[in-house]
$ cat input37.csv   # CSV, C-alpha atoms
chain,number,residue,atom,x,y,z
A,1424,MET,CA,28.3,-9.7,56.7
A,1425,ILE,CA,29.0,-13.2,55.4
A,1426,GLN,CA,29.0,-14.4,59.0
A,1427,GLY,CA,25.6,-12.9,59.4
A,1428,VAL,CA,24.3,-14.5,56.2
A,1429,ALA,CA,25.6,-17.9,57.4
A,1430,ILE,CA,23.7,-17.5,60.7
A,1431,LEU,CA,20.5,-16.6,58.8
A,1432,LEU,CA,20.9,-19.7,56.6
A,1433,VAL,CA,21.6,-21.9,59.6
A,1434,PHE,CA,18.3,-20.7,61.2
A,1435,GLN,CA,16.5,-21.2,57.9
A,1436,SER,CA,17.8,-24.8,57.7
A,1437,LEU,CA,16.7,-25.4,61.3
A,1438,GLY,CA,13.3,-24.1,60.4
A,1439,GLU,CA,13.0,-26.4,57.4
A,1440,VAL,CA,13.9,-29.4,59.5
A,1441,ALA,CA,11.3,-28.4,62.2
A,1442,SER,CA,8.7,-27.8,59.4
A,1443,ARG,CA,9.1,-31.4,58.2
A,1444,PHE,CA,8.4,-32.6,61.7
A,1445,ILE,CA,5.0,-30.9,61.8
A,1446,HIS,CA,4.2,-31.9,58.2
A,1447,GLY,CA,4.7,-28.5,56.8
A,1448,VAL,CA,1.7,-26.9,58.6
A,1449,ILE,CA,4.0,-23.9,59.2
A,1450,PRO,CA,6.6,-23.2,56.5
A,1451,GLY,CA,10.3,-23.5,57.4
A,1452,PRO,CA,11.2,-19.8,57.1
A,1453,VAL,CA,8.5,-18.8,59.5
A,1454,ILE,CA,9.8,-21.3,62.1
A,1455,GLY,CA,13.3,-20.1,61.3
A,1456,LEU,CA,12.2,-16.6,62.1
A,1457,LEU,CA,10.8,-17.6,65.4
A,1458,LEU,CA,13.9,-19.7,66.4
A,1459,LEU,CA,16.2,-16.8,65.5
A,1460,LEU,CA,14.0,-14.3,67.4
A,1461,GLY,CA,14.1,-16.6,70.5
A,1462,PHE,CA,17.8,-16.9,70.1
A,1463,LEU,CA,18.3,-13.1,69.9
A,1464,VAL,CA,16.0,-12.3,72.7
A,1465,ALA,CA,17.5,-14.9,75.0
A,1466,ARG,CA,21.0,-13.6,74.1
A,1467,GLY,CA,19.9,-10.0,74.8
A,1468,ARG,CA,22.0,-8.5,72.0
A,1469,ILE,CA,22.2,-8.6,68.2
A,1470,ALA,CA,25.6,-9.2,66.7
A,1471,PRO,CA,26.5,-6.5,64.1
A,1472,SER,CA,27.1,-9.1,61.4
A,1473,ILE,CA,23.6,-10.5,61.7
A,1474,ALA,CA,22.1,-7.0,61.8
A,1475,LYS,CA,24.1,-6.0,58.7
A,1476,ALA,CA,23.0,-9.1,56.7
A,1477,ALA,CA,19.4,-8.7,57.8
A,1478,ASP,CA,19.2,-5.0,57.1
A,1479,GLY,CA,20.7,-5.6,53.6
A,1480,LEU,CA,18.1,-8.2,52.7
A,1481,LEU,CA,15.2,-6.3,54.2
A,1482,ALA,CA,16.1,-3.1,52.4
A,1483,HIS,CA,15.0,-4.7,49.2
A,1484,LEU,CA,12.4,-7.1,50.5
A,1485,SER,CA,10.2,-6.5,47.4
A,1486,ILE,CA,12.6,-8.1,44.9
A,1487,PHE,CA,12.1,-11.6,46.6
A,1488,PHE,CA,8.4,-11.6,45.7
A,1489,ILE,CA,8.9,-11.0,42.0
A,1490,PRO,CA,9.7,-14.5,40.7
A,1491,ALA,CA,6.6,-16.0,42.4
A,1492,ALA,CA,4.4,-13.1,41.3
A,1493,VAL,CA,5.4,-13.5,37.7
A,1494,GLY,CA,3.8,-16.9,37.9
A,1495,VAL,CA,0.4,-15.1,37.8
A,1496,MET,CA,0.9,-15.2,34.0
A,1497,LEU,CA,0.2,-18.9,34.0
A,1498,TYR,CA,-3.3,-18.3,35.4
A,1499,ALA,CA,-4.3,-15.2,33.4
A,1500,ALA,CA,-6.9,-17.0,31.3
A,1501,THR,CA,-8.5,-18.8,34.3
A,1502,LEU,CA,-8.7,-15.6,36.3
A,1503,ALA,CA,-10.0,-13.5,33.4
A,1504,GLN,CA,-12.9,-15.9,33.0
A,1505,SER,CA,-14.1,-15.5,36.5
A,1506,GLY,CA,-13.2,-11.9,36.9
A,1507,ALA,CA,-15.5,-9.8,39.1
A,1508,ALA,CA,-16.0,-12.2,42.0
A,1509,TRP,CA,-12.4,-12.6,43.1
A,1510,VAL,CA,-11.4,-9.1,42.2
A,1511,LEU,CA,-14.1,-7.6,44.3
A,1512,ALA,CA,-13.6,-10.1,47.2
A,1513,ILE,CA,-9.9,-9.2,47.3
A,1514,ILE,CA,-10.4,-5.4,47.1
A,1515,LEU,CA,-13.1,-5.1,49.7
A,1516,SER,CA,-11.7,-7.7,52.1
A,1517,THR,CA,-8.3,-6.1,52.1
A,1518,VAL,CA,-9.7,-2.6,52.7
A,1519,ALA,CA,-11.8,-4.0,55.5
A,1520,ALA,CA,-8.9,-5.9,57.1
A,1521,ILE,CA,-6.5,-3.0,57.0
A,1522,ALA,CA,-9.2,-0.6,58.5
A,1523,THR,CA,-10.3,-3.1,61.2
A,1524,THR,CA,-6.8,-3.9,62.3
A,1525,ALA,CA,-5.6,-0.3,62.5
A,1526,LEU,CA,-8.8,1.0,64.2
A,1527,THR,CA,-8.8,-1.9,66.7
A,1528,LEU,CA,-5.1,-1.4,67.6
A,1529,ARG,CA,-5.7,2.4,68.0
A,1530,ALA,CA,-8.7,1.8,70.2
A,1531,LEU,CA,-6.6,-0.5,72.4
A,1532,SER,CA,-3.5,1.7,72.6
A,1533,PRO,CA,-3.9,4.0,75.7
A,1534,ILE,CA,-1.2,6.5,74.8
A,1535,GLU,CA,-0.9,7.9,71.3
A,1536,SER,CA,2.8,7.7,70.4
A,1537,PRO,CA,4.4,11.0,69.4
A,1538,SER,CA,3.0,12.1,66.1
A,1539,PRO,CA,5.1,11.0,63.2
A,1540,PRO,CA,5.6,13.4,60.4
A,1541,PRO,CA,2.5,13.2,58.2
A,1542,PRO,CA,2.9,10.1,56.1
A,1543,LYS,CA,2.6,10.5,52.3
B,1000,MET,CA,18.5,-24.0,3.4
B,1001,ASN,CA,16.0,-22.6,5.9
B,1002,ALA,CA,14.8,-19.0,6.4
B,1003,ARG,CA,17.3,-18.4,9.1
B,1004,THR,CA,20.3,-18.3,6.8
B,1005,ALA,CA,18.6,-15.6,4.9
B,1006,LEU,CA,19.1,-13.2,7.8
B,1007,PRO,CA,22.0,-10.7,7.6
B,1008,VAL,CA,25.0,-12.1,9.4
B,1009,GLY,CA,24.7,-9.8,12.4
B,1010,LEU,CA,21.1,-10.7,13.1
B,1011,GLU,CA,21.8,-14.4,12.7
B,1012,ASN,CA,24.4,-14.2,15.4
B,1013,LEU,CA,22.1,-12.1,17.6
B,1014,ALA,CA,19.4,-14.8,17.2
B,1015,GLN,CA,21.8,-17.5,18.2
B,1016,ILE,CA,23.0,-15.5,21.2
B,1017,TRP,CA,19.4,-15.1,22.2
B,1018,VAL,CA,18.6,-18.8,21.8
B,1019,TYR,CA,21.7,-19.5,24.0
B,1020,LEU,CA,21.0,-16.8,26.6
B,1021,SER,CA,17.3,-17.5,27.0
B,1022,ALA,CA,18.1,-21.1,27.8
B,1023,THR,CA,20.5,-20.3,30.7
B,1024,PRO,CA,19.6,-19.3,34.2
B,1025,LEU,CA,21.5,-16.1,33.5
B,1026,PHE,CA,18.5,-14.7,31.6
B,1027,GLY,CA,15.8,-15.1,34.3
B,1028,LEU,CA,18.2,-13.8,36.9
B,1029,THR,CA,19.3,-10.8,35.0
B,1030,LEU,CA,15.8,-10.0,33.9
B,1031,THR,CA,14.6,-10.1,37.5
B,1032,LEU,CA,17.3,-7.8,38.8
B,1033,VAL,CA,17.2,-5.3,35.9
B,1034,ALA,CA,13.4,-5.1,36.1
B,1035,TYR,CA,13.6,-4.6,39.9
B,1036,VAL,CA,16.3,-1.9,39.6
B,1037,LEU,CA,14.1,0.0,37.0
B,1038,ALA,CA,11.0,-0.5,39.1
B,1039,ASP,CA,12.7,0.7,42.3
B,1040,ALA,CA,14.1,3.7,40.5
B,1041,ILE,CA,10.6,4.7,39.4
B,1042,TYR,CA,9.3,4.1,42.9
B,1043,GLN,CA,12.0,6.3,44.4
B,1044,ARG,CA,11.7,8.9,41.7
B,1045,THR,CA,7.9,9.2,42.4
B,1046,ASN,CA,8.7,9.7,46.1
B,1047,LYS,CA,7.4,6.2,46.9
B,1048,PHE,CA,4.0,6.8,45.4
B,1049,PRO,CA,1.9,3.7,46.3
B,1050,LEU,CA,0.7,3.1,42.7
B,1051,ALA,CA,4.3,2.9,41.6
B,1052,ASN,CA,4.7,-0.3,43.6
B,1053,PRO,CA,8.0,-1.9,42.7
B,1054,VAL,CA,6.7,-5.5,42.7
B,1055,LEU,CA,3.8,-4.4,40.4
B,1056,ILE,CA,6.0,-2.6,38.0
B,1057,ALA,CA,8.7,-5.2,37.8
B,1058,VAL,CA,6.2,-8.1,37.4
B,1059,THR,CA,4.4,-6.1,34.6
B,1060,LEU,CA,7.8,-5.5,32.9
B,1061,ILE,CA,8.9,-9.1,33.2
B,1062,ILE,CA,5.6,-10.6,31.9
B,1063,SER,CA,5.8,-8.2,29.0
B,1064,VAL,CA,9.3,-9.3,28.1
B,1065,LEU,CA,8.5,-13.0,28.5
B,1066,THR,CA,5.3,-12.7,26.4
B,1067,ILE,CA,7.0,-10.7,23.6
B,1068,SER,CA,10.0,-13.0,23.5
B,1069,GLY,CA,7.9,-16.1,23.7
B,1070,THR,CA,9.8,-17.3,26.8
B,1071,SER,CA,8.0,-19.7,29.1
B,1072,TYR,CA,7.6,-19.2,32.9
B,1073,GLU,CA,9.6,-22.4,33.5
B,1074,ALA,CA,12.6,-21.1,31.5
B,1075,TYR,CA,12.4,-17.8,33.3
B,1076,PHE,CA,12.2,-19.4,36.7
B,1077,GLN,CA,15.4,-21.4,36.1
B,1078,GLY,CA,17.2,-18.2,36.7
B,1079,ALA,CA,14.7,-16.4,39.0
B,1080,GLN,CA,14.7,-19.3,41.4
B,1081,PHE,CA,17.9,-17.9,43.0
B,1082,VAL,CA,16.0,-14.7,43.9
B,1083,HIS,CA,13.0,-16.8,44.9
B,1084,PHE,CA,15.1,-18.9,47.2
B,1085,LEU,CA,16.3,-15.8,49.2
B,1086,LEU,CA,12.6,-15.0,50.1
B,1087,GLY,CA,13.0,-17.7,52.8
B,1088,THR,CA,16.2,-16.1,54.0
B,1089,ALA,CA,14.7,-12.7,54.1
B,1090,THR,CA,11.7,-14.1,56.1
B,1091,VAL,CA,14.2,-15.4,58.7
B,1092,ALA,CA,15.9,-12.0,58.7
B,1093,LEU,CA,12.6,-10.4,59.9
B,1094,ALA,CA,13.6,-11.7,63.3
B,1095,ILE,CA,16.1,-8.8,63.6
B,1096,PRO,CA,13.7,-5.9,63.6
B,1097,LEU,CA,11.4,-7.8,65.9
B,1098,ALA,CA,14.2,-8.5,68.3
B,1099,ARG,CA,15.1,-4.8,68.4
B,1100,LEU,CA,11.5,-3.9,69.4
B,1101,TRP,CA,11.0,-6.9,71.7
B,1102,ASN,CA,10.4,-5.1,75.0
B,1103,GLU,CA,7.8,-2.8,73.4
B,1104,LEU,CA,6.1,-5.7,71.6
B,1105,ALA,CA,5.9,-7.8,74.8
B,1106,GLU,CA,4.2,-4.9,76.6
B,1107,ARG,CA,1.6,-4.5,73.8
B,1108,ALA,CA,1.1,-8.2,73.2
B,1109,ILE,CA,-2.6,-8.3,74.0
B,1110,PRO,CA,-3.8,-5.3,72.0
B,1111,LEU,CA,-1.7,-6.5,69.0
B,1112,LEU,CA,-3.1,-10.0,69.2
B,1113,VAL,CA,-6.7,-8.8,69.5
B,1114,ALA,CA,-6.2,-6.3,66.6
B,1115,MET,CA,-4.7,-9.1,64.5
B,1116,LEU,CA,-7.6,-11.5,65.2
B,1117,ALA,CA,-10.1,-8.8,64.4
B,1118,GLY,CA,-8.5,-8.0,61.1
B,1119,ALA,CA,-8.0,-11.6,60.1
B,1120,THR,CA,-11.7,-12.4,60.9
B,1121,VAL,CA,-13.0,-9.5,58.9
B,1122,SER,CA,-10.7,-10.5,56.0
B,1123,VAL,CA,-12.2,-14.0,55.9
B,1124,VAL,CA,-15.8,-13.0,56.4
B,1125,VAL,CA,-15.8,-10.3,53.7
B,1126,ALA,CA,-13.8,-12.3,51.2
B,1127,VAL,CA,-15.9,-15.4,51.5
B,1128,GLY,CA,-19.2,-13.4,51.8
B,1129,ILE,CA,-18.6,-11.4,48.6
B,1130,ALA,CA,-17.3,-14.4,46.6
B,1131,ARG,CA,-20.4,-16.4,47.6
B,1132,ALA,CA,-22.7,-13.6,46.9
B,1133,LEU,CA,-21.3,-13.4,43.4
B,1134,ASP,CA,-21.6,-17.1,42.8
B,1135,ALA,CA,-17.9,-17.9,42.7
B,1136,PRO,CA,-17.3,-21.7,42.4
B,1137,PRO,CA,-16.6,-23.4,45.8
B,1138,ALA,CA,-12.9,-24.1,44.9
B,1139,MET,CA,-12.4,-20.4,44.3
B,1140,VAL,CA,-14.1,-19.5,47.6
B,1141,ALA,CA,-11.8,-21.9,49.4
B,1142,SER,CA,-8.8,-20.5,47.7
B,1143,LEU,CA,-9.8,-16.9,48.6
B,1144,LEU,CA,-10.3,-17.7,52.3
B,1145,PRO,CA,-6.6,-17.6,53.3
B,1146,LYS,CA,-5.6,-14.7,51.0
B,1147,SER,CA,-4.4,-12.4,53.7
B,1148,VAL,CA,-1.9,-15.0,55.0
B,1149,THR,CA,1.6,-15.1,53.5
B,1150,ALA,CA,1.5,-17.1,50.2
B,1151,PRO,CA,3.3,-20.4,51.2
B,1152,ILE,CA,0.9,-20.8,54.2
B,1153,ALA,CA,-2.1,-19.7,52.1
B,1154,MET,CA,-1.3,-22.5,49.6
B,1155,GLY,CA,-1.2,-25.1,52.4
B,1156,ILE,CA,-4.4,-24.0,53.9
B,1157,ALA,CA,-6.2,-23.9,50.6
B,1158,GLU,CA,-5.2,-27.4,49.8
B,1159,GLN,CA,-6.5,-28.6,53.2
B,1160,ILE,CA,-9.9,-27.0,52.7
B,1161,GLY,CA,-10.6,-28.0,49.1
B,1162,GLY,CA,-9.2,-25.0,47.3
B,1163,SER,CA,-6.4,-24.8,44.8
B,1164,PRO,CA,-2.9,-24.0,46.0
B,1165,THR,CA,-1.9,-22.2,42.8
B,1166,LEU,CA,-5.1,-20.1,42.9
B,1167,ALA,CA,-4.4,-19.4,46.6
B,1168,ALA,CA,-0.9,-18.2,45.8
B,1169,VAL,CA,-2.2,-15.9,43.0
B,1170,PHE,CA,-4.9,-14.5,45.4
B,1171,ALA,CA,-2.4,-14.0,48.2
B,1172,LEU,CA,0.0,-12.2,45.9
B,1173,SER,CA,-2.8,-10.0,44.5
B,1174,THR,CA,-3.9,-9.2,48.0
B,1175,GLY,CA,-0.3,-8.2,48.9
B,1176,ILE,CA,0.1,-5.9,45.9
B,1177,PHE,CA,-3.4,-4.4,46.4
B,1178,GLY,CA,-2.8,-3.9,50.1
B,1179,ALA,CA,0.5,-2.1,49.4
B,1180,LEU,CA,-1.2,0.2,46.9
B,1181,ILE,CA,-4.2,1.1,49.1
B,1182,ALA,CA,-2.6,1.2,52.5
B,1183,THR,CA,-1.3,4.8,52.5
B,1184,PRO,CA,-4.4,6.6,51.2
B,1185,LEU,CA,-6.7,4.4,53.3
B,1186,LEU,CA,-4.8,4.9,56.6
B,1187,ASN,CA,-4.6,8.6,55.9
B,1188,ALA,CA,-8.3,8.8,55.3
B,1189,LEU,CA,-8.9,6.9,58.6
B,1190,GLY,CA,-6.6,9.4,60.4
B,1191,ILE,CA,-4.3,6.7,61.6
B,1192,ARG,CA,-1.0,8.5,62.2
B,1193,ASP,CA,1.0,6.1,64.5
B,1194,TRP,CA,3.6,4.2,62.5
B,1195,SER,CA,3.1,1.1,64.6
B,1196,GLN,CA,-0.6,1.0,63.9
B,1197,ARG,CA,-0.1,1.7,60.2
B,1198,GLY,CA,2.5,-0.9,59.8
B,1199,PHE,CA,0.8,-3.6,61.8
B,1200,ALA,CA,-2.4,-3.2,59.9
B,1201,VAL,CA,-0.7,-3.6,56.5
B,1202,GLY,CA,1.3,-6.6,57.7
B,1203,VAL,CA,-1.9,-8.4,58.9
B,1204,ALA,CA,-3.9,-7.7,55.8
B,1205,ALA,CA,-1.2,-7.7,53.0
B,1206,HIS,CA,1.6,-9.9,54.5
B,1207,GLY,CA,5.0,-9.8,52.8
B,1208,ILE,CA,4.4,-7.3,49.9
B,1209,GLY,CA,2.6,-5.0,52.3
B,1210,THR,CA,5.5,-5.4,54.8
B,1211,ALA,CA,8.0,-4.5,52.0
B,1212,ARG,CA,5.9,-1.4,51.3
B,1213,ALA,CA,5.9,-0.5,55.1
B,1214,TYR,CA,9.7,-1.0,55.3
B,1215,SER,CA,10.3,1.3,52.4
B,1216,VAL,CA,8.3,4.0,54.1
B,1217,ASP,CA,9.4,3.8,57.7
B,1218,PRO,CA,11.6,1.2,59.7
B,1219,ARG,CA,9.2,1.1,62.7
B,1220,ALA,CA,6.2,0.6,60.4
B,1221,GLY,CA,8.2,-2.2,58.7
B,1222,ALA,CA,9.0,-3.9,62.0
B,1223,TYR,CA,5.3,-3.8,63.1
B,1224,ALA,CA,4.2,-5.0,59.6
B,1225,SER,CA,6.5,-8.1,59.9
B,1226,LEU,CA,5.0,-8.8,63.3
B,1227,GLY,CA,1.5,-8.6,61.9
B,1228,MET,CA,2.4,-10.8,59.0
B,1229,GLY,CA,4.2,-13.3,61.3
B,1230,LEU,CA,1.3,-13.5,63.8
B,1231,HIS,CA,-1.2,-13.9,61.0
B,1232,ALA,CA,0.9,-16.6,59.4
B,1233,LEU,CA,1.2,-18.6,62.7
B,1234,LEU,CA,-2.4,-18.3,63.8
B,1235,GLY,CA,-3.7,-18.6,60.3
B,1236,ALA,CA,-1.9,-21.9,59.8
B,1237,LEU,CA,-3.3,-23.2,63.1
B,1238,LEU,CA,-6.9,-21.8,63.0
B,1239,LEU,CA,-8.0,-21.2,59.4
B,1240,PRO,CA,-8.5,-24.9,58.6
B,1241,TRP,CA,-11.0,-25.0,61.5
B,1242,VAL,CA,-12.6,-21.8,60.5
B,1243,ALA,CA,-13.1,-23.3,57.0
B,1244,LYS,CA,-14.9,-26.3,58.5
B,1245,VAL,CA,-17.3,-24.0,60.3
B,1246,ILE,CA,-17.9,-21.9,57.2
B,1247,PHE,CA,-18.2,-24.7,54.6
B,1248,TYR,CA,-20.2,-27.3,56.5

$ encode --input "input37.csv" --output "C-alpha cells"
Amino acid sequence: MIQGVAILLVFQSLGEVASRFIHGVIPGPVIGLLLLLGFLVARGRIAPSIAKAADGLLAHLSIFFIPAAVGVMLYAATLAQSGAAWVLAIILSTVAAIATTALTLRALSPIESPSPPPPK
Amino acid sequence: MNARTALPVGLENLAQIWVYLSATPLFGLTLTLVAYVLADAIYQRTNKFPLANPVLIAVTLIISVLTISGTSYEAYFQGAQFVHFLLGTATVALAIPLARLWNELAERAIPLLVAMLAGATVSVVVAVGIARALDAPPAMVASLLPKSVTAPIAMGIAEQIGGSPTLAAVFALSTGIFGALIATPLLNALGIRDWSQRGFAVGVAAHGIGTARAYSVDPRAGAYASLGMGLHALLGALLLPWVAKVIFY
C-alpha cells in the first residue's frame, strides 16, 4: 500500500516537472496520469500495491474536491449579483453535453453491451 | 477588565480552546473529514440518491460552520490543503482503472473520441450562447466557456481567453456538482443503459465530481468517466483557446 502510494507520488512529481516544461498548459497530475498509464500498459500488469493504493483513493474521490469547492463562499456575492445567466448557462449546457455524448457514443457502438441491472 | 472575564470559567476555557483550535490546521482538516463522513453516510443511507451528493452536502455543512463561527476560508484552507493536495494524487491514480480497461478502450478509441468532441462542442456552444443571450459580461462568458473541463485546466484556459480563473473554477465546480445530480435521471430518461456510455458522458460533461459520482455507482462507469474527463482535459487544454479565438473575434 505504502509502496503503491510512493509510486503514485513519483508519477505525480514527474507530471509536475513535465508540466513546467510546457508552461502549465496541461496540469501536472493529468500528465502524471498519462505517464503512469503508459508505464502500466507497457509493463502489461498492475502491481497489487499500486492497485490497492489507487482503489483506496478512488473509493472516496469526492472528498478531494471539497476544499476547493468550499472556496465558492468567497464569490457568493459576485455570483448572486449576476444570477440567472450563469446558472441557466451551466444547467442547460451540462444537460446538453451529457445527452450529446451519451447518444453519440451509443449511436457509434455497434453492439449493445449486456444490459446492466437498471441503474437507479 | 474586559467582557471575556465575565464568562463562567468553563465557557472561558472553551472560548480559548476554540481560538487555539481554529488557528491550527487541525481545524480545517478535521472539519473536512467529519463533514465528508457525515455527507457520505447520508449518501449511502439514501441509496446514493443523486440529490444527496456528498460534495454538495459536505460543502454546505462546511460553509455553514465557517459562516457561523466567523472563520475565514484562508484559515480553513490551512488544514484543508492536505486533502486538496491529494486531489492531484487521486488524479494520477485514475490511470489504474484505465489500464485495466486498456484493450477495450483501444478498440473503441474512435467512437469515444467522436462522442467526446461532440459533447464538448455542444457544451461550449450552449453555455456561450445562453450567457450571451442573457447579456452576461464578456469576462463571465469567457469564464463559462471551459466549464466542462476539469477545474485546474478550466482556470488556465479562462485566463488565456480573457476570463477570470477564480470564476472559471467556481463554474467548473458548479458544473461538476450539477452534472453529478442530473446524470442519473437524465440518462434514465434517454434510455441509456450501458455503463460505459453512462459513465463516459458524465466524465466528459461533469469532469471530476461527475467521475466521483460514476465511481460510487459502478466501477465500469467510473473508469469510463475518468477516461471522458481525461480526454476532455487534454483536448480542451489544446483546442479551447483556439475555439475561443473563433468565438470571440

$ residues_around --input "input37.csv" --residues "Leu1515 of chain A" --least-positions-apart "2" --cutoff "9 Å" --atoms "all atoms listed in the file" --output "MDAnalysis selection string"
(chainID A and resid 1510:1513 1517:1520) or (chainID B and resid 1122 1125:1126 1129)

$ closest_residue --input "input37.csv" --among "B:Gly1175, B:Pro1110, B:Pro1096, B:Gly1078" --to "Ile1521 of chain A" --atoms "all atoms listed in the file"
B:Gly1175

$ residues_around --input "input37.csv" --residues "Ala1492 of chain A" --least-positions-apart "4" --cutoff "9 Å" --atoms "only C-alpha atoms" --output "number ranges by chain"
A: 1488, 1496; B: 1054-1055, 1058, 1168-1169, 1172-1173

$ atom_distance --input "input37.csv" --atom1 "atom CA of Gly1479 of chain A" --atom2 "atom CA of Phe1462 of chain A"
20.2 Å

$ interface_residues --input "input37.csv" --of "chain B" --to "chain A" --cutoff "6 Å" --atoms "only C-alpha atoms" --output "compact mmCIF listing (two decimals) with C-alpha atoms, keeping the file's coordinate frame"
# COMPACT_ATOMS: atom_id res chain seq x y z
CA VAL B 1054 6.70 -5.50 42.70
CA VAL B 1058 6.20 -8.10 37.40
CA ALA B 1079 14.70 -16.40 39.00
CA VAL B 1082 16.00 -14.70 43.90
CA HIS B 1083 13.00 -16.80 44.90
CA LEU B 1086 12.60 -15.00 50.10
CA GLY B 1087 13.00 -17.70 52.80
CA ALA B 1089 14.70 -12.70 54.10
CA THR B 1090 11.70 -14.10 56.10
CA VAL B 1091 14.20 -15.40 58.70
CA ALA B 1092 15.90 -12.00 58.70
CA ALA B 1094 13.60 -11.70 63.30
CA ALA B 1098 14.20 -8.50 68.30
CA PRO B 1110 -3.80 -5.30 72.00
CA ALA B 1114 -6.20 -6.30 66.60
CA GLY B 1118 -8.50 -8.00 61.10
CA VAL B 1121 -13.00 -9.50 58.90
CA SER B 1122 -10.70 -10.50 56.00
CA VAL B 1125 -15.80 -10.30 53.70
CA ALA B 1126 -13.80 -12.30 51.20
CA ILE B 1129 -18.60 -11.40 48.60
CA ALA B 1130 -17.30 -14.40 46.60
CA LEU B 1133 -21.30 -13.40 43.40
CA VAL B 1169 -2.20 -15.90 43.00
CA GLN B 1196 -0.60 1.00 63.90
CA ALA B 1200 -2.40 -3.20 59.90
CA VAL B 1201 -0.70 -3.60 56.50
CA ALA B 1204 -3.90 -7.70 55.80
CA ALA B 1211 8.00 -4.50 52.00

$ residues_around --input "input37.csv" --residues "segment 1176-1186 of chain B" --least-positions-apart "4" --cutoff "6 Å" --atoms "only C-alpha atoms" --output "ChimeraX atom specification"
/B:1049-1050,1191,1205,1209,1212

$ atom_distance --input "input37.csv" --atom1 "atom CA of Glu1103 of chain B" --atom2 "atom CA of Pro1218 of chain B"
14.8 Å

$ atom_distance --input "input37.csv" --atom1 "atom CA of Ile1095 of chain B" --atom2 "atom CA of Ala1040 of chain B"
26.3 Å

$ residues_around --input "input37.csv" --residues "Ala1074 of chain B" --least-positions-apart "6" --cutoff "10 Å" --atoms "only C-alpha atoms" --output "PyMOL selection string"
chain B and resi 1021-1024+1026-1027+1065

$ residues_around --input "input37.csv" --residues "Leu1230 of chain B" --least-positions-apart "4" --cutoff "8 Å" --atoms "all atoms listed in the file" --output "number ranges by chain"
B: 1112, 1115, 1203, 1226, 1234-1235

$ residues_near_point --input "input37.csv" --point "(-12.7, -27.0, 44.1)" --cutoff "10 Å" --atoms "all atoms listed in the file" --output "PyMOL selection string"
chain B and resi 1136-1142+1157-1158+1160-1163

$ residues_near_point --input "input37.csv" --point "(-17.0, -24.5, 57.0)" --cutoff "12 Å" --atoms "all atoms listed in the file" --output "JSON, numbers by chain"
{"B": [1123, 1124, 1127, 1137, 1140, 1141, 1144, 1159, 1160, 1161, 1239, 1240, 1241, 1242, 1243, 1244, 1245, 1246, 1247, 1248]}

$ build_atoms --input "input37.csv" --residues "segment 1502-1517 of chain A" --atoms "N, CA and C atoms" --output "PDB file, keeping the file's coordinate frame"
ATOM      1  N   LEU A1502      -8.221 -16.715  35.428  1.00  0.00           N
ATOM      2  CA  LEU A1502      -8.700 -15.600  36.300  1.00  0.00           C
ATOM      3  C   LEU A1502      -9.530 -14.627  35.485  1.00  0.00           C
ATOM      4  N   ALA A1503      -9.218 -14.436  34.223  1.00  0.00           N
ATOM      5  CA  ALA A1503     -10.000 -13.500  33.400  1.00  0.00           C
ATOM      6  C   ALA A1503     -11.435 -14.009  33.254  1.00  0.00           C
ATOM      7  N   GLN A1504     -11.590 -15.341  33.150  1.00  0.00           N
ATOM      8  CA  GLN A1504     -12.900 -15.900  33.000  1.00  0.00           C
ATOM      9  C   GLN A1504     -13.840 -15.617  34.160  1.00  0.00           C
ATOM     10  N   SER A1505     -13.271 -15.717  35.372  1.00  0.00           N
ATOM     11  CA  SER A1505     -14.100 -15.500  36.500  1.00  0.00           C
ATOM     12  C   SER A1505     -13.771 -14.231  37.249  1.00  0.00           C
ATOM     13  N   GLY A1506     -13.711 -13.165  36.467  1.00  0.00           N
ATOM     14  CA  GLY A1506     -13.200 -11.900  36.900  1.00  0.00           C
ATOM     15  C   GLY A1506     -13.799 -11.260  38.164  1.00  0.00           C
ATOM     16  N   ALA A1507     -14.987 -10.701  38.055  1.00  0.00           N
ATOM     17  CA  ALA A1507     -15.500  -9.800  39.100  1.00  0.00           C
ATOM     18  C   ALA A1507     -15.481 -10.358  40.503  1.00  0.00           C
ATOM     19  N   ALA A1508     -15.836 -11.635  40.675  1.00  0.00           N
ATOM     20  CA  ALA A1508     -16.000 -12.200  42.000  1.00  0.00           C
ATOM     21  C   ALA A1508     -14.712 -12.085  42.825  1.00  0.00           C
ATOM     22  N   TRP A1509     -13.606 -12.605  42.288  1.00  0.00           N
ATOM     23  CA  TRP A1509     -12.400 -12.600  43.100  1.00  0.00           C
ATOM     24  C   TRP A1509     -11.776 -11.241  43.217  1.00  0.00           C
ATOM     25  N   VAL A1510     -11.921 -10.420  42.175  1.00  0.00           N
ATOM     26  CA  VAL A1510     -11.400  -9.100  42.200  1.00  0.00           C
ATOM     27  C   VAL A1510     -12.051  -8.267  43.335  1.00  0.00           C
ATOM     28  N   LEU A1511     -13.378  -8.301  43.329  1.00  0.00           N
ATOM     29  CA  LEU A1511     -14.100  -7.600  44.300  1.00  0.00           C
ATOM     30  C   LEU A1511     -13.873  -8.123  45.748  1.00  0.00           C
ATOM     31  N   ALA A1512     -13.812  -9.461  45.839  1.00  0.00           N
ATOM     32  CA  ALA A1512     -13.600 -10.100  47.200  1.00  0.00           C
ATOM     33  C   ALA A1512     -12.234  -9.623  47.708  1.00  0.00           C
ATOM     34  N   ILE A1513     -11.223  -9.572  46.860  1.00  0.00           N
ATOM     35  CA  ILE A1513      -9.900  -9.200  47.300  1.00  0.00           C
ATOM     36  C   ILE A1513      -9.861  -7.691  47.693  1.00  0.00           C
ATOM     37  N   ILE A1514     -10.424  -6.856  46.836  1.00  0.00           N
ATOM     38  CA  ILE A1514     -10.400  -5.400  47.100  1.00  0.00           C
ATOM     39  C   ILE A1514     -11.090  -5.077  48.404  1.00  0.00           C
ATOM     40  N   LEU A1515     -12.339  -5.523  48.531  1.00  0.00           N
ATOM     41  CA  LEU A1515     -13.100  -5.100  49.700  1.00  0.00           C
ATOM     42  C   LEU A1515     -12.613  -5.765  50.990  1.00  0.00           C
ATOM     43  N   SER A1516     -12.200  -7.037  50.913  1.00  0.00           N
ATOM     44  CA  SER A1516     -11.700  -7.700  52.100  1.00  0.00           C
ATOM     45  C   SER A1516     -10.413  -7.101  52.607  1.00  0.00           C
ATOM     46  N   THR A1517      -9.564  -6.691  51.661  1.00  0.00           N
ATOM     47  CA  THR A1517      -8.300  -6.100  52.100  1.00  0.00           C
ATOM     48  C   THR A1517      -8.470  -4.741  52.693  1.00  0.00           C
TER      49      THR A1517
END
